[in-house]
Amino acid sequence: MSNAKEAILGRIREALTDVPEDENLQTQRNYRQEGTLGRQQVVDLFAERVAEYKAKVSRIPREEKITASIRDACHQRAVEKLVIPEGFPSDWLPEGFTFIRDSADDLVSHHELDQTDGVVTTCALGVAETGTIILDAGAGQGRRALTLIPDYHLCIVREEQIVELIPEAFDHFEQKVSQEGAPITMISGPSATSDIELNRVEGVHGPRILDVLIIGNE
Amino acid sequence: MNISLFITCFNDTLYPNTGKAMVKVLERLGHSVIFPFEQTCCGQMHYNTGYQEETIPLVRKFVDVFKDAEAVVAPSASCVGMVKEFYPQVAQRAQDPQLAKAVDDLLPRVFELSQFLVDELGVEDVGAYYPHRVTYHPTCHSLRMLEVGDAPLRLLRNVEGIDLVELPDAEECCGFGGTFAVKNADTSVAMMGDKIKNIKSTDAEVCTAADNSCLMHIGGGLHRQRGGVEAVHLAEILASTEEQPL
Amino acid sequence: MSKQQTPTFQETAASYLDDTQLRRNIGHATQTIRGKRKGVVQEMPDWEALREAGRALKTKTMRHLDDYLLQLEESVQEAGGTVHWARDAEEANRIIVDLVKQEQVKEAVKVKSITTDEIGLNKALAAEGIQALETDLAELIVQLAEDEPSHILVPAIHKNRAEIKALFKEKLDADELTDRPEDLAEAARLYLRKKFLNAKVGISGANFGVAETGTVSVVESEGNGRMCTTLPDTLITLMGIEKVVPKWKDLEVFMQLLPRSATAERMNPYNSFWTGTTENDGPQNFHLVLLDNGRTKVLADEMGRQTLNCIRCSACLNVCPVYERTGGHAYHSVYPGPIGAILTPQLKGLEDEGAASLPYASSLCGACYEVCPVKINIPEVLVHLRGKVIDKKKKEGSLRDKLEPEHVGMKILSRAFSNAKRYERAQKIARTGQGLFARDGMISSLPGYLSKWTSTRDLKAIPDQTFREWWRQRDE
């Protein structure tokens with residue numbers, strides 16, 4: 001096996017004899033690296049762009065409304081049995097539903113996840129320009145399987161977590177990836193496919209319904 | 001200005017009227033036109049087909065003929081594209097630094113006709129009269145290689161009496177592509193079919209472009225189909241006047 | 001890669017051109033996506049700056065590929081993964097088959113990967129009694145239909161909804177199926193759900209591998225990619241060596257360029273980035289197989305090298321007037337379209353007649369270069385490869401090759417054009433020679449090589465006076 005490695009590296013070096021050894025090419029990053037919109041505009045843009053993917057977006061002015069909002073969302077989607085990731089604030093959860101708690105000590109199996117109606121999570125970051133939610137498996141977000149197997153995902157985003165541009169997001173996760181090796185998942189709308197006649201259709205293997213709840217900081 | 005005319009072998013042999021039209025336009029604008037007899041061919045057909053070694057003497061010839069010219073102007077976007085895009089590579093292939101330098105010196109002085117008129121001379125109205133319904137096909141090399149932009153359209157819009165109509169899917173290739181038209185004739189003709197359909201949909205009497213090679217292909221198809229639309233080079237429309245119509 | 005000769009583009013294009021259903025399907029799909037791509041690109045004020053950054057990053061990576069691959073290997077291993085190196089398809093298949101066999105399974109779930117198609121992995125697994133289950137909708141369609149992919153991004157682009165419905169009815173026992181894309185997607189969801197939940201081994205390709213952190217990524221839409229890279233205990237990822245990028249931050253460039261160029265979305269639904277293994281989350285065994293399979297040959301050609309910058313968005317296919325009319329199968333490669341026309345001949349080598357015909361499957365219109373998100377000058381490379389085809393023919397060609405009308409014609413014309421007197425003589429000969437064929441200034445029928453022209457187009461005859469003859473007369 002190490003033979004193959006040496007052989008490939010040898011071929012590469014032979015192929016690159018025209019490249020000076022001390023060459024150090026600089027990349028001009030003349031693209032937008034930081035947003036220019038005001039806070040409220042960023043949040044509005046995020047809400048608008050997420051909704052364009054056929055996800056439902058709701059906004060509440062402050063945190064104290066959260067329990068009622070989660071209850072309403074689940075009622076509307078007729079969801080009764082939800083999986084709750086480790087670190088998700090318990091006091092946010094409404095009564096009258098079945099919650100299955102996932103934790104490092106007590107992992108919910110894939111088959112059990114398949115028997116739930118949905119999942120409710122927080123997120124690590126939102127990106128306005130592309131309407132993207134980003135998870136880094138931190139507290140309240142859960143393992144990757146949790147937001148994948150259930151058919152319904154309710155994701156809670158705080159206004160202050162929303163950035164305008166993609167480069168701001170990659171900046172944000174740099175430490176988390178290089179030091180902790182955290183898995184990063186970017187979600188832009190419900191699962192979809194463009195495989196039939198190159199037209200986007202929502203709903204394939206991942207959650208077919210995505211609701212996003214934005215909490216203001218009034 | 002003393003303008004050296006690069007007629008291109010294709011126009012010299014098959015479309016002399018395009019060359020005559022170009023002379024007429026440039027002289028009407030008060031310039032003197034020079035035609036160096038030693039010129040032959042830019043080598044595009046050879047180069048693009050893969051006969052790149054054979055292109056080297058043609059590049060040498062071109063540079064030799066035009067090296068002292070004030071401006072070299074040609075009625076063919078694809079031949080000018082060849083000169084501008086690939087001559088430096090030919091010089092490199094020839095491993096001749098002197099040729100490479102001569103090419104570099106000459107390139108900024110080589111122009112396609114419409115680009116020369118609009119961008120270099122700053123002229124958009126050449127005093128033409130052409131009372132016909134015309135649609136314009138932007139050829140691929142004029143559009144994407146030379147980036148002539150709307151220079152041909154600016155010139156056409158200023159032609160008196162013209163009824164200029166937009167061509168649907170104008171920027172799609174007509175399917176000529178040099179030896180592609182023969183090597184991959186079936187595909188080439190399928191592309192031409194769609195182009196002709198679009199041209200006919202405009203009800204134009206004339207389809208024009210900055211390149212006779214594409215026009216030969218489009219015109220050949222139209223003629224075979226009795227399409228009732230004529231393919232006419234841009235220079236010929238620009239040369240036409242009320243006193244001396246095309 | 002098989003040493004068997006593939007058919008040439010010219011030989012097979014005609015039959016695809018005659019397939020009106022195919023042309024309608026592809027025409028419809030590519031025209032829709034072209035319009036959408038334009039929209040999402042135009043709304044980006046810094047698109048050109050992103051393209052330039054993408055080009056520069058890829059160029060830098062290729063020029064120091066050995067360093068970045070070593071760094072990637074180290075990072076992946078540090079993060080708990082295992083790295084394997086494969087010189088060619090056979091070696092890659094052997095590595096992957098052995099890894100799957102170690103897990104003692106008869107089935108593996110796969111997320112769409114053209115690289116695994118390139119090495120013929122499914123066949124290699126099948127030979128060992130292991131079924132590789134394609135989970136991407138389009139790949140599933142191709143697999144069920146026992147067909148070949150015809151597009152980089154949407155391998156079943158040549159099939160329309162009605163054809164897919166008929167296929168699913170037959171193969172998935174879905175009786176009550178309509179041809180609504182929603183219902184077709186639902187049928188695939190039901191069929192694959194159990195497979196995902198029970199999968200022990202997942203196989204993927206990779207869009208990017210970050211040297212600095214060891215992070216590997218899969219960009220997708222359906223969630224099957226997440227399923228395959230998250231649920232199984234073991235994940236095996238096959239990655240072409242050119243897919244490495246130096247730093248995590250570099251992804252911010254490609255993750256803006258790729259979705260807009262590929263599916264014409266601001267962002268595709270799901271992007272997964274994993275770094276080795278994570279306790280309690282995702283596969284606990286991660287194998288990264290780095291594949292050469294001809295890529296170092298591409299790297300060795302200074303002009304051709306830029307081909308490796310490709311991020312497989314397929315924007316060039318969607319704008320190509322040739323691809324739009326022939327479809328992908330005429331290219332006889334898992335990499336069709338303009339990028340395939342330059343990548344395939346370089347990977348396979350020009351000894352393969354089919355591969356050597358591909359650089360000519362283009363009118364050089366330049367639409368591909370215009371949309372390429374990393375600015376690969378495809379026309380320039382096409383012309384460069386044509387030069388190599390002819391150089392090879394001159395060196396090794398048979399007498400028959402050298403007596404081909406085109407070859408002879410080019411030789412004669414080159415000699416004629418190098419001198420004005422000879423050139424003028426040639427003009428006169430041609431004018432006299434056409435006498436047999438010309439009528440009213442037009443030629444409707446020519447023999448031999450040029451009959452390809454006159455079978456569908458009239459040819460303008462050479463007029464009585466050339467321009468230079470007129471000029472001479474005018475001077476007198």
# chains A, B, ... in the order shown; residues from 1 in each chain; ligands from 1

call {"tool": "residues_around", "arguments": {"residues": "Arg224 of chain B", "least_positions_apart": "4", "cutoff": "9 Å", "atoms": "only C-alpha atoms", "output": "list in words"}}
result
Gly219 and Gly220 of chain B; Ser444, Thr456, Arg457 and Asp458 of chain C

call {"tool": "residues_around", "arguments": {"residues": "segment 113-120 of chain A", "least_positions_apart": "2", "cutoff": "6 Å", "atoms": "only C-alpha atoms", "output": "PyMOL selection string"}}
result
chain A and resi 79+81-83+110-111+149-155

call {"tool": "closest_atom_pairs", "arguments": {"of": "chain A", "to": "chain C", "cutoff": "7 Å", "atoms": "only C-alpha atoms", "output": "Markdown table"}}
result
| residue | atom | partner | partner_atom | distance |
| --- | --- | --- | --- | --- |
| A:Met1 | CA | C:Trp85 | CA | 6.7 |
| A:Ala4 | CA | C:Trp85 | CA | 5.7 |
| A:Lys5 | CA | C:Trp85 | CA | 5.4 |
| A:Ile8 | CA | C:Arg87 | CA | 6.4 |
| A:Leu9 | CA | C:Asp66 | CA | 5.8 |
| A:Arg11 | CA | C:Thr296 | CA | 6.1 |
| A:Ile12 | CA | C:Thr296 | CA | 5.7 |
| A:Arg13 | CA | C:Asp66 | CA | 7.0 |
| A:Ala15 | CA | C:Ala300 | CA | 3.9 |
| A:Leu16 | CA | C:Ala300 | CA | 6.4 |
| A:Val19 | CA | C:Arg63 | CA | 6.5 |
| A:Leu25 | CA | C:Lys60 | CA | 6.2 |
| A:Thr27 | CA | C:Ala56 | CA | 5.7 |
| A:Gln28 | CA | C:Ala53 | CA | 6.0 |
| A:Arg29 | CA | C:Ala53 | CA | 5.9 |
| A:Asn30 | CA | C:Ala49 | CA | 5.5 |
| A:Tyr31 | CA | C:Ala49 | CA | 5.2 |
| A:Arg32 | CA | C:Asp46 | CA | 6.7 |
| A:Ala104 | CA | C:Asn280 | CA | 6.9 |
| A:His110 | CA | C:Leu197 | CA | 6.1 |
| A:His111 | CA | C:Leu197 | CA | 6.5 |
| A:Thr130 | CA | C:Arg266 | CA | 5.2 |
| A:Arg143 | CA | C:Asp281 | CA | 5.4 |
| A:Arg144 | CA | C:Asp281 | CA | 6.6 |
| A:Ala145 | CA | C:Thr230 | CA | 6.6 |
| A:Ile166 | CA | C:Glu252 | CA | 6.2 |
| A:Pro167 | CA | C:Glu252 | CA | 5.1 |
| A:Phe170 | CA | C:Lys249 | CA | 6.0 |
| A:Asp171 | CA | C:Lys249 | CA | 6.7 |
| A:Glu174 | CA | C:Trp248 | CA | 6.7 |
| A:Ser178 | CA | C:Thr213 | CA | 5.3 |
| A:Gly181 | CA | C:Thr275 | CA | 5.2 |
| A:Ala182 | CA | C:Thr275 | CA | 6.8 |
| A:Pro183 | CA | C:Trp274 | CA | 4.6 |
| A:Ile184 | CA | C:Phe273 | CA | 5.1 |
| A:Thr185 | CA | C:Ser272 | CA | 4.8 |
| A:Met186 | CA | C:Asn271 | CA | 4.9 |
| A:Ile187 | CA | C:Tyr270 | CA | 4.9 |
| A:Ser188 | CA | C:Pro269 | CA | 4.3 |
| A:Gly189 | CA | C:Pro269 | CA | 5.7 |
| A:Pro190 | CA | C:Pro269 | CA | 6.6 |
| A:Ser191 | CA | C:Glu222 | CA | 4.9 |
| A:Ala192 | CA | C:Glu222 | CA | 4.9 |
| A:Thr193 | CA | C:Glu222 | CA | 5.3 |
| A:Asp195 | CA | C:Ala138 | CA | 5.4 |
| A:Ile196 | CA | C:Arg161 | CA | 6.4 |
| A:Glu197 | CA | C:Ala29 | CA | 5.1 |
| A:Leu198 | CA | C:Ala29 | CA | 5.5 |
| A:Val201 | CA | C:Glu182 | CA | 6.3 |
| A:Val204 | CA | C:Glu222 | CA | 5.3 |
| A:His205 | CA | C:Gly223 | CA | 5.0 |
| A:Gly206 | CA | C:Gly223 | CA | 4.5 |

call {"tool": "write_last_selection", "arguments": {"atoms": "N, CA and C atoms", "output": "compact mmCIF listing (two decimals), in the first residue's frame"}}
result
# COMPACT_ATOMS: atom_id res chain seq x y z
N MET A 1 0.83 -1.21 0.00
CA MET A 1 0.00 0.00 0.00
C MET A 1 0.87 1.26 0.00
N ALA A 4 1.96 2.25 -3.35
CA ALA A 4 1.07 3.09 -4.16
C ALA A 4 1.27 4.56 -3.80
N LYS A 5 1.38 4.81 -2.53
CA LYS A 5 1.56 6.20 -2.09
C LYS A 5 2.85 6.78 -2.69
N ILE A 8 2.45 7.31 -6.47
CA ILE A 8 1.62 8.46 -6.85
C ILE A 8 2.37 9.77 -6.57
N LEU A 9 2.97 9.87 -5.41
CA LEU A 9 3.72 11.08 -5.10
C LEU A 9 4.87 11.29 -6.09
N ARG A 11 4.90 10.25 -9.23
CA ARG A 11 4.32 10.72 -10.50
C ARG A 11 3.97 12.20 -10.43
N ILE A 12 3.44 12.62 -9.28
CA ILE A 12 3.07 14.03 -9.13
C ILE A 12 4.31 14.91 -9.25
N ARG A 13 5.36 14.51 -8.56
CA ARG A 13 6.57 15.35 -8.57
C ARG A 13 7.18 15.39 -9.97
N ALA A 15 5.47 15.19 -12.65
CA ALA A 15 4.57 15.99 -13.49
C ALA A 15 4.75 17.48 -13.26
N LEU A 16 5.30 17.83 -12.11
CA LEU A 16 5.35 19.25 -11.74
C LEU A 16 6.75 19.84 -11.79
N VAL A 19 7.27 23.59 -11.89
CA VAL A 19 6.88 24.46 -10.77
C VAL A 19 8.09 24.72 -9.87
N LEU A 25 2.11 30.96 -4.33
CA LEU A 25 1.09 31.76 -5.00
C LEU A 25 0.09 32.31 -3.99
N THR A 27 -3.63 33.99 -3.19
CA THR A 27 -4.97 34.05 -3.76
C THR A 27 -5.60 35.39 -3.43
N GLN A 28 -6.03 36.09 -4.46
CA GLN A 28 -6.73 37.36 -4.24
C GLN A 28 -8.16 37.05 -3.81
N ARG A 29 -8.52 37.43 -2.61
CA ARG A 29 -9.90 37.19 -2.15
C ARG A 29 -10.67 38.51 -2.24
N ASN A 30 -11.00 38.87 -3.47
CA ASN A 30 -11.69 40.14 -3.67
C ASN A 30 -13.20 40.02 -3.59
N TYR A 31 -13.67 38.87 -3.12
CA TYR A 31 -15.11 38.70 -2.97
C TYR A 31 -15.54 39.24 -1.60
N ARG A 32 -16.86 39.34 -1.42
CA ARG A 32 -17.37 39.89 -0.16
C ARG A 32 -17.08 38.92 1.00
N ALA A 104 -25.78 11.00 25.28
CA ALA A 104 -24.59 10.16 25.08
C ALA A 104 -24.70 8.86 25.86
N HIS A 110 -31.43 4.07 15.42
CA HIS A 110 -31.94 4.55 14.13
C HIS A 110 -33.38 4.10 13.92
N HIS A 111 -33.68 2.85 14.30
CA HIS A 111 -35.05 2.36 14.10
C HIS A 111 -36.03 3.10 14.99
N THR A 130 -28.10 32.85 1.63
CA THR A 130 -28.49 31.59 1.02
C THR A 130 -29.64 30.90 1.75
N ARG A 143 -26.95 14.69 17.61
CA ARG A 143 -26.17 13.93 16.63
C ARG A 143 -26.80 14.10 15.25
N ARG A 144 -26.01 13.86 14.22
CA ARG A 144 -26.49 14.10 12.85
C ARG A 144 -27.73 13.29 12.50
N ALA A 145 -27.81 12.07 13.03
CA ALA A 145 -28.94 11.21 12.67
C ALA A 145 -30.28 11.78 13.13
N ILE A 166 -21.88 33.63 3.34
CA ILE A 166 -21.24 32.32 3.49
C ILE A 166 -19.82 32.42 4.07
N PRO A 167 -18.97 33.36 3.61
CA PRO A 167 -17.64 33.44 4.21
C PRO A 167 -17.67 33.71 5.72
N PHE A 170 -18.09 30.30 7.30
CA PHE A 170 -16.89 29.44 7.31
C PHE A 170 -15.87 29.97 8.33
N ASP A 171 -15.83 31.27 8.49
CA ASP A 171 -14.99 31.87 9.50
C ASP A 171 -15.40 31.38 10.89
N GLU A 174 -14.31 27.74 11.81
CA GLU A 174 -12.92 27.36 11.58
C GLU A 174 -12.30 26.66 12.80
N SER A 178 -11.22 22.72 13.12
CA SER A 178 -9.80 22.38 13.18
C SER A 178 -9.42 21.85 14.56
N GLY A 181 -12.85 18.96 15.45
CA GLY A 181 -13.29 18.04 14.39
C GLY A 181 -14.80 17.85 14.36
N ALA A 182 -15.53 18.89 14.77
CA ALA A 182 -16.98 18.77 14.83
C ALA A 182 -17.58 18.55 13.44
N PRO A 183 -18.56 17.65 13.31
CA PRO A 183 -19.22 17.49 12.02
C PRO A 183 -20.12 18.70 11.75
N ILE A 184 -20.06 19.22 10.55
CA ILE A 184 -20.86 20.40 10.19
C ILE A 184 -21.89 19.97 9.15
N THR A 185 -23.14 20.36 9.39
CA THR A 185 -24.18 20.06 8.42
C THR A 185 -24.88 21.35 8.02
N MET A 186 -24.91 21.62 6.71
CA MET A 186 -25.62 22.80 6.22
C MET A 186 -26.96 22.35 5.66
N ILE A 187 -28.01 23.02 6.10
CA ILE A 187 -29.35 22.64 5.68
C ILE A 187 -30.02 23.85 5.03
N SER A 188 -30.45 23.67 3.79
CA SER A 188 -31.14 24.76 3.09
C SER A 188 -32.47 24.24 2.59
N GLY A 189 -33.46 24.35 3.43
CA GLY A 189 -34.79 23.86 3.08
C GLY A 189 -34.93 22.38 3.36
N PRO A 190 -36.12 21.86 3.11
CA PRO A 190 -36.34 20.42 3.29
C PRO A 190 -35.59 19.64 2.21
N SER A 191 -35.49 18.34 2.40
CA SER A 191 -34.79 17.54 1.41
C SER A 191 -35.49 17.70 0.06
N ALA A 192 -34.72 17.60 -1.00
CA ALA A 192 -35.27 17.89 -2.32
C ALA A 192 -34.46 17.12 -3.36
N THR A 193 -34.96 17.11 -4.55
CA THR A 193 -34.19 16.52 -5.64
C THR A 193 -34.39 17.33 -6.90
N ASP A 195 -33.47 15.68 -9.72
CA ASP A 195 -33.10 14.60 -10.63
C ASP A 195 -34.13 14.29 -11.71
N ILE A 196 -35.33 14.78 -11.53
CA ILE A 196 -36.33 14.54 -12.58
C ILE A 196 -36.48 15.82 -13.39
N GLU A 197 -35.97 15.79 -14.59
CA GLU A 197 -36.05 16.92 -15.53
C GLU A 197 -35.42 18.20 -14.98
N LEU A 198 -34.46 18.05 -14.08
CA LEU A 198 -33.70 19.17 -13.51
C LEU A 198 -34.59 20.22 -12.83
N VAL A 201 -37.77 19.42 -6.57
CA VAL A 201 -38.98 18.92 -5.93
C VAL A 201 -38.63 18.62 -4.49
N VAL A 204 -37.44 14.09 -0.18
CA VAL A 204 -36.95 12.77 -0.57
C VAL A 204 -36.56 12.02 0.71
N HIS A 205 -35.26 11.90 0.99
CA HIS A 205 -34.87 11.04 2.11
C HIS A 205 -34.75 11.76 3.45
N GLY A 206 -34.30 12.99 3.41
CA GLY A 206 -34.18 13.74 4.66
C GLY A 206 -35.57 14.22 5.06

call {"tool": "interface_residues", "arguments": {"of": "chain C", "to": "chain B", "cutoff": "8 Å", "atoms": "only C-alpha atoms", "output": "VMD selection string"}}
result
chain C and resid 10 13 to 14 17 321 to 322 325 to 326 360 to 367 370 383 to 391 410 to 411 414 417 to 420 423 427 444 449 to 450 452 to 453 456 to 463 465 to 468 471

call {"tool": "atom_distance", "arguments": {"atom1": "atom CA of Pro152 of chain B", "atom2": "atom CA of Leu234 of chain B"}}
result
7.6 Å

call {"tool": "residues_around", "arguments": {"residues": "Leu121 of chain C", "least_positions_apart": "5", "cutoff": "9 Å", "atoms": "only C-alpha atoms", "output": "ChimeraX atom specification"}}
result
/C:89,92-93,96-97,115-116,126,132

call {"tool": "write_last_selection", "arguments": {"atoms": "C-alpha atoms", "output": "mmCIF file, in the first residue's frame"}}
result
data_model
loop_
_atom_site.group_PDB
_atom_site.id
_atom_site.type_symbol
_atom_site.label_atom_id
_atom_site.label_comp_id
_atom_site.auth_asym_id
_atom_site.auth_seq_id
_atom_site.Cartn_x
_atom_site.Cartn_y
_atom_site.Cartn_z
ATOM 1 C CA ALA C 89 -9.060 1.622 -10.902
ATOM 2 C CA ALA C 92 -8.975 1.181 -5.805
ATOM 3 C CA ASN C 93 -11.562 -1.535 -6.401
ATOM 4 C CA ILE C 96 -12.712 -1.060 -1.357
ATOM 5 C CA VAL C 97 -13.856 -4.630 -1.946
ATOM 6 C CA THR C 115 -15.550 8.610 -9.473
ATOM 7 C CA THR C 116 -16.869 5.197 -8.377
ATOM 8 C CA ALA C 126 -20.864 -7.589 -7.555
ATOM 9 C CA ALA C 132 -23.852 -1.715 -4.132
#

call {"tool": "residues_around", "arguments": {"residues": "Ser103 of chain A", "least_positions_apart": "2", "cutoff": "12 Å", "atoms": "only C-alpha atoms", "output": "JSON, numbers by chain"}}
result
{"A": [83, 84, 85, 86, 87, 88, 100, 101, 105, 106, 107, 108, 109, 139, 140, 141, 142, 143, 146], "C": [280, 281]}

call {"tool": "atom_distance", "arguments": {"atom1": "atom CA of Arg415 of chain C", "atom2": "atom CA of Met442 of chain C"}}
result
27.4 Å

call {"tool": "atom_distance", "arguments": {"atom1": "atom CA of Ala209 of chain B", "atom2": "atom CA of Asn377 of chain C"}}
result
24.8 Å

call {"tool": "select_by_dssp", "arguments": {"residues": "segment 3-245 of chain B", "states": "strand (DSSP E or B)", "output": "NGL selection string"}}
result
:B and (3-5 or 32-34 or 71-74 or 110-112 or 129 or 133-136 or 160 or 163-165 or 206-209 or 230-233)

call {"tool": "write_last_selection", "arguments": {"atoms": "N, CA and C atoms", "output": "mmCIF file, in the first residue's frame"}}
result
data_model
loop_
_atom_site.group_PDB
_atom_site.id
_atom_site.type_symbol
_atom_site.label_atom_id
_atom_site.label_comp_id
_atom_site.auth_asym_id
_atom_site.auth_seq_id
_atom_site.Cartn_x
_atom_site.Cartn_y
_atom_site.Cartn_z
ATOM 1 N N ILE B 3 -4.811 52.295 -42.840
ATOM 2 C CA ILE B 3 -5.331 51.030 -42.346
ATOM 3 C C ILE B 3 -4.919 49.888 -43.271
ATOM 4 N N SER B 4 -4.245 48.912 -42.685
ATOM 5 C CA SER B 4 -3.872 47.743 -43.487
ATOM 6 C C SER B 4 -4.996 46.735 -43.435
ATOM 7 N N LEU B 5 -5.418 46.335 -44.592
ATOM 8 C CA LEU B 5 -6.535 45.411 -44.689
ATOM 9 C C LEU B 5 -6.028 43.971 -44.651
ATOM 10 N N SER B 32 -7.123 55.976 -45.379
ATOM 11 C CA SER B 32 -6.592 55.322 -46.565
ATOM 12 C C SER B 32 -6.319 53.850 -46.255
ATOM 13 N N VAL B 33 -6.681 53.042 -47.230
ATOM 14 C CA VAL B 33 -6.606 51.600 -47.028
ATOM 15 C C VAL B 33 -5.450 51.020 -47.841
ATOM 16 N N ILE B 34 -4.682 50.163 -47.164
ATOM 17 C CA ILE B 34 -3.544 49.515 -47.823
ATOM 18 C C ILE B 34 -3.844 48.026 -47.894
ATOM 19 N N ALA B 71 -2.605 50.048 -38.225
ATOM 20 C CA ALA B 71 -3.709 49.226 -37.718
ATOM 21 C C ALA B 71 -4.012 48.153 -38.743
ATOM 22 N N VAL B 72 -4.261 46.946 -38.258
ATOM 23 C CA VAL B 72 -4.634 45.850 -39.151
ATOM 24 C C VAL B 72 -6.102 45.533 -38.869
ATOM 25 N N VAL B 73 -6.933 45.607 -39.909
ATOM 26 C CA VAL B 73 -8.363 45.384 -39.702
ATOM 27 C C VAL B 73 -8.856 44.277 -40.628
ATOM 28 N N ALA B 74 -9.672 43.378 -40.065
ATOM 29 C CA ALA B 74 -10.175 42.242 -40.850
ATOM 30 C C ALA B 74 -11.682 42.101 -40.668
ATOM 31 N N VAL B 110 -4.232 44.812 -34.020
ATOM 32 C CA VAL B 110 -5.075 43.984 -34.896
ATOM 33 C C VAL B 110 -6.523 44.057 -34.425
ATOM 34 N N PHE B 111 -7.442 44.355 -35.367
ATOM 35 C CA PHE B 111 -8.839 44.559 -34.987
ATOM 36 C C PHE B 111 -9.822 43.863 -35.923
ATOM 37 N N GLU B 112 -10.944 43.515 -35.340
ATOM 38 C CA GLU B 112 -12.101 43.095 -36.141
ATOM 39 C C GLU B 112 -12.825 44.375 -36.553
ATOM 40 N N TYR B 129 -27.268 53.233 -45.763
ATOM 41 C CA TYR B 129 -28.710 53.185 -46.029
ATOM 42 C C TYR B 129 -29.049 51.781 -46.491
ATOM 43 N N ARG B 133 -35.444 44.360 -43.719
ATOM 44 C CA ARG B 133 -35.653 43.765 -42.390
ATOM 45 C C ARG B 133 -34.488 42.809 -42.119
ATOM 46 N N VAL B 134 -33.729 43.122 -41.063
ATOM 47 C CA VAL B 134 -32.467 42.423 -40.822
ATOM 48 C C VAL B 134 -32.439 41.853 -39.403
ATOM 49 N N THR B 135 -31.912 40.629 -39.260
ATOM 50 C CA THR B 135 -31.658 40.109 -37.916
ATOM 51 C C THR B 135 -30.167 39.808 -37.788
ATOM 52 N N TYR B 136 -29.639 40.012 -36.599
ATOM 53 C CA TYR B 136 -28.200 39.907 -36.392
ATOM 54 C C TYR B 136 -27.851 38.677 -35.545
ATOM 55 N N GLU B 160 -29.613 53.890 -41.869
ATOM 56 C CA GLU B 160 -30.902 54.482 -42.211
ATOM 57 C C GLU B 160 -31.789 53.472 -42.925
ATOM 58 N N ASP B 163 -34.715 47.848 -40.686
ATOM 59 C CA ASP B 163 -35.687 47.356 -39.712
ATOM 60 C C ASP B 163 -34.994 46.194 -38.989
ATOM 61 N N LEU B 164 -34.398 46.515 -37.848
ATOM 62 C CA LEU B 164 -33.567 45.540 -37.143
ATOM 63 C C LEU B 164 -34.429 44.737 -36.171
ATOM 64 N N VAL B 165 -34.453 43.422 -36.341
ATOM 65 C CA VAL B 165 -35.276 42.593 -35.444
ATOM 66 C C VAL B 165 -34.402 41.627 -34.655
ATOM 67 N N VAL B 206 -32.929 39.375 -44.260
ATOM 68 C CA VAL B 206 -31.481 39.229 -44.244
ATOM 69 C C VAL B 206 -31.006 38.841 -42.842
ATOM 70 N N CYS B 207 -30.075 37.877 -42.815
ATOM 71 C CA CYS B 207 -29.396 37.577 -41.556
ATOM 72 C C CYS B 207 -27.966 38.049 -41.714
ATOM 73 N N THR B 208 -27.498 38.835 -40.758
ATOM 74 C CA THR B 208 -26.141 39.348 -40.877
ATOM 75 C C THR B 208 -25.295 38.922 -39.670
ATOM 76 N N ALA B 209 -23.975 39.027 -39.844
ATOM 77 C CA ALA B 209 -23.034 38.649 -38.791
ATOM 78 C C ALA B 209 -21.681 39.243 -39.125
ATOM 79 N N GLU B 230 -31.585 35.911 -46.896
ATOM 80 C CA GLU B 230 -30.218 35.966 -47.409
ATOM 81 C C GLU B 230 -29.226 36.201 -46.275
ATOM 82 N N ALA B 231 -28.056 35.607 -46.391
ATOM 83 C CA ALA B 231 -27.013 35.840 -45.406
ATOM 84 C C ALA B 231 -26.057 36.882 -45.963
ATOM 85 N N VAL B 232 -25.920 38.006 -45.270
ATOM 86 C CA VAL B 232 -25.110 39.120 -45.770
ATOM 87 C C VAL B 232 -24.165 39.614 -44.676
ATOM 88 N N HIS B 233 -22.908 39.770 -45.032
ATOM 89 C CA HIS B 233 -21.924 40.246 -44.041
ATOM 90 C C HIS B 233 -22.213 41.686 -43.621
#

call {"tool": "select_by_dssp", "arguments": {"residues": "segment 66-100 of chain B", "states": "helix (DSSP H, G or I)", "output": "ChimeraX atom specification"}}
result
/B:66,77-93,97-100

call {"tool": "residues_around", "arguments": {"residues": "Pro245 of chain B", "least_positions_apart": "4", "cutoff": "10 Å", "atoms": "only C-alpha atoms", "output": "PDB file with C-alpha atoms, in the first residue's frame"}}
result
ATOM      1  CA  ALA B 128     -25.264  53.701 -44.532  1.00  0.00           C
ATOM      2  CA  TYR B 129     -28.710  53.185 -46.029  1.00  0.00           C
ATOM      3  CA  TYR B 130     -30.264  49.746 -46.135  1.00  0.00           C
ATOM      4  CA  PRO B 131     -34.070  49.570 -46.261  1.00  0.00           C
ATOM      5  CA  GLU B 236     -21.814  44.969 -46.932  1.00  0.00           C
ATOM      6  CA  ILE B 237     -24.766  46.479 -45.098  1.00  0.00           C
ATOM      7  CA  ALA B 239     -21.237  49.976 -47.269  1.00  0.00           C
ATOM      8  CA  SER B 240     -24.696  50.288 -48.786  1.00  0.00           C
ATOM      9  CA  THR B 241     -25.903  53.837 -49.506  1.00  0.00           C
TER      10      THR B 241
END
